[in-house]
Amino acid sequence: MVDTFIDRGQSAKTFDRPDFIKLQEFIAKHYKTVDYLLVDQMDRFSRDAGEAMNMVKQLQRKYSIQIVSVTEGITFDYDTPGSFFRAGLQLLLAEEDNINRSIKIRGGNYTSRAKEGRFLSNLAPFGYRKVGEGKKRTLEVVGDDALVIRYVYEAFLRNVPLYKIKEQAVTMGFNRKGNTAIEKVLQNPAYAGMVYAKAFKDHPGGLFPAIHEPIIDAVTWRFVQNKMKKNTRTKTIINDNIPFRVY
């Protein structure tokens with residue numbers, strides 16, 4: 001064994017992994033003293049069959065290095081049909097497993113949001129805290145913070161400039177950073193007691209009623225969304241016939 005590279009906690013769906021990048025750099029530098037690349041299983045090398053096939057072909061033809069799956073007892077030799085077929089089959093099975101897992105996750109997320117009304121994002125929106133465990137986990141309104149959210153919506157509908165709204169919100173305890181922090185608050189359906197779910201198979205996507213308590217009523221939230229659309233800047237076309245006009 002010349003060296004070991006381990007990508008702990010990294011998905012094998014891509015080769016853009018820290019230690020895999022170091023591995024490639026190591027091979028490019030020391031390939032004359034390396035004959036084999038040992039992996040635990042082919043699906044730990046990659047879960048994308050097409051990319052994996054190209055990668056192992058490149059390693060063998062460019063550097064004369066073969067891939068060996070220790071657990072499965074497979075040597076990926078691109079010039080040996082039987083070996084090529086077995087390794088390719090394992091990669092395809094790994095990719096199929098990844099697809100099935102993705103479908104289950106997306107289906108579970110859709111059910112949790114669209115049918116159960118659960119808020120799944122890791123970070124609770126400002127104005128809420130997460131309470132409960134498992135399927136009983138939900139959002140709970142934080143009283144003082146909720147006052148900030150209500151102020152943001154009311155001020156926006158009164159045509160207070162966004163930068164002024166943010167200044168006042170910060171003095172009231174608003175702690176979210178970023179130039180668009182206030183816009184994100186105004187656009188977040190969670191404040192109106194709704195959650196967004198992406199379409200899944202034949203099931204439609206969109207906004208669905210949530211189980212947590214709203215801070216803003218649905219009518220106010222809709223008014224704000226319509227107002228934000230109207231406030232979207234349109235492209236300015238300069239008229240050459242009016243050269244001194246101030247824009």
# chains A, B, ... in the order shown; residues from 1 in each chain; ligands from 1
>>> select_by_dssp(residues="region 37-241 of chain A", states="alpha helix (DSSP H)", output="ChimeraX atom specification")
/A:42-45,49-63,81-110,143-157,162-171,181-187,218-230
>>> residues_around(residues="Tyr163 (chain A)", least_positions_apart="5", cutoff="12 Å", atoms="only C-alpha atoms", output="ChimeraX atom specification")
/A:152,155-156,168-170,178-183
>>> write_last_selection(atoms="N, CA and C atoms", output="CSV table (one decimal), in the first residue's frame")
chain,number,residue,atom,x,y,z
A,152,VAL,N,-42.5,43.9,9.3
A,152,VAL,CA,-41.9,43.9,8.0
A,152,VAL,C,-43.0,43.9,6.9
A,155,ALA,N,-45.1,47.3,7.0
A,155,ALA,CA,-44.4,48.4,6.5
A,155,ALA,C,-44.2,48.3,5.0
A,156,PHE,N,-44.0,47.1,4.5
A,156,PHE,CA,-43.9,46.9,3.0
A,156,PHE,C,-45.2,47.4,2.3
A,168,GLN,N,-35.2,49.3,10.7
A,168,GLN,CA,-36.1,49.2,11.9
A,168,GLN,C,-36.2,47.7,12.4
A,169,ALA,N,-36.2,46.8,11.5
A,169,ALA,CA,-36.3,45.4,11.9
A,169,ALA,C,-35.1,45.0,12.7
A,170,VAL,N,-33.9,45.5,12.3
A,170,VAL,CA,-32.6,45.1,13.1
A,170,VAL,C,-32.7,45.7,14.5
A,178,GLY,N,-27.4,39.4,5.0
A,178,GLY,CA,-27.6,39.4,3.6
A,178,GLY,C,-28.4,40.5,3.0
A,179,ASN,N,-28.1,40.9,1.8
A,179,ASN,CA,-28.8,42.1,1.2
A,179,ASN,C,-30.2,41.8,0.9
A,180,THR,N,-30.6,40.5,0.7
A,180,THR,CA,-32.0,40.2,0.4
A,180,THR,C,-32.7,39.5,1.5
A,181,ALA,N,-32.2,39.7,2.8
A,181,ALA,CA,-32.8,39.1,3.9
A,181,ALA,C,-34.3,39.5,4.1
A,182,ILE,N,-34.6,40.8,3.9
A,182,ILE,CA,-36.0,41.2,4.0
A,182,ILE,C,-36.9,40.7,2.9
A,183,GLU,N,-36.4,40.7,1.7
A,183,GLU,CA,-37.1,40.1,0.5
A,183,GLU,C,-37.4,38.6,0.8
>>> closest_atom_pairs(of="region 39-156 of chain A", to="region 207-226 of chain A", cutoff="6 Å", atoms="only C-alpha atoms", output="JSON lines")
{"residue": "A:Ala114", "atom": "CA", "partner": "A:Phe208", "partner_atom": "CA", "distance": 5.5}
{"residue": "A:Gly117", "atom": "CA", "partner": "A:Ala210", "partner_atom": "CA", "distance": 3.9}
{"residue": "A:Arg118", "atom": "CA", "partner": "A:Ala210", "partner_atom": "CA", "distance": 6.0}
{"residue": "A:Leu139", "atom": "CA", "partner": "A:His212", "partner_atom": "CA", "distance": 5.5}
>>> atom_distance(atom1="CA of Tyr196 (chain A)", atom2="CA of Gly107 (chain A)")
13.9 Å
>>> atom_distance(atom1="CA of Arg129 (chain A)", atom2="CA of Val141 (chain A)")
6.5 Å
>>> residues_around(residues="Tyr31 (chain A)", least_positions_apart="4", cutoff="8 Å", atoms="only C-alpha atoms", output="PyMOL selection string")
chain A and resi 26-27+35+63-65
>>> write_last_selection(atoms="N, CA and C atoms", output="PDB file, in the first residue's frame")
ATOM      1  N   PHE A  26      -2.236  12.563  -6.911  1.00  0.00           N
ATOM      2  CA  PHE A  26      -1.218  11.598  -6.501  1.00  0.00           C
ATOM      3  C   PHE A  26      -0.879  10.651  -7.648  1.00  0.00           C
ATOM      4  N   ILE A  27      -1.912  10.158  -8.330  1.00  0.00           N
ATOM      5  CA  ILE A  27      -1.694   9.232  -9.444  1.00  0.00           C
ATOM      6  C   ILE A  27      -0.919   9.902 -10.566  1.00  0.00           C
ATOM      7  N   ASP A  35       0.382   0.304  -9.465  1.00  0.00           N
ATOM      8  CA  ASP A  35      -0.195  -0.648 -10.415  1.00  0.00           C
ATOM      9  C   ASP A  35      -1.707  -0.770 -10.271  1.00  0.00           C
ATOM     10  N   TYR A  63      -2.484   5.841 -17.387  1.00  0.00           N
ATOM     11  CA  TYR A  63      -1.498   5.602 -16.332  1.00  0.00           C
ATOM     12  C   TYR A  63      -1.200   4.120 -16.103  1.00  0.00           C
ATOM     13  N   SER A  64      -1.862   3.225 -16.844  1.00  0.00           N
ATOM     14  CA  SER A  64      -1.671   1.776 -16.685  1.00  0.00           C
ATOM     15  C   SER A  64      -2.015   1.313 -15.272  1.00  0.00           C
ATOM     16  N   ILE A  65      -3.061   1.902 -14.712  1.00  0.00           N
ATOM     17  CA  ILE A  65      -3.524   1.542 -13.372  1.00  0.00           C
ATOM     18  C   ILE A  65      -4.888   0.884 -13.488  1.00  0.00           C
TER      19      ILE A  65
END
>>> select_by_dssp(residues="region 95-233 of chain A", states="strand (DSSP E or B)", output="list in words")
Tyr128, Arg129, Lys130, Val131, Thr138, Leu139, Glu140, Val141, Met194, Val195, Tyr196, Ala197, Phe200, His203, Gly206, Leu207, Phe208 and Pro209 of chain A
>>> atom_distance(atom1="CA of Tyr153 (chain A)", atom2="CA of Phe119 (chain A)")
21.1 Å
>>> closest_residue(among="A:Glu167, A:Glu140, A:Glu116, A:Asp77", to="Gln58 (chain A)", atoms="only C-alpha atoms")
A:Asp77
>>> closest_residue(among="A:Ile67, A:Ala199, A:Ile99, A:Leu186", to="Glu154 (chain A)", atoms="only C-alpha atoms")
A:Leu186
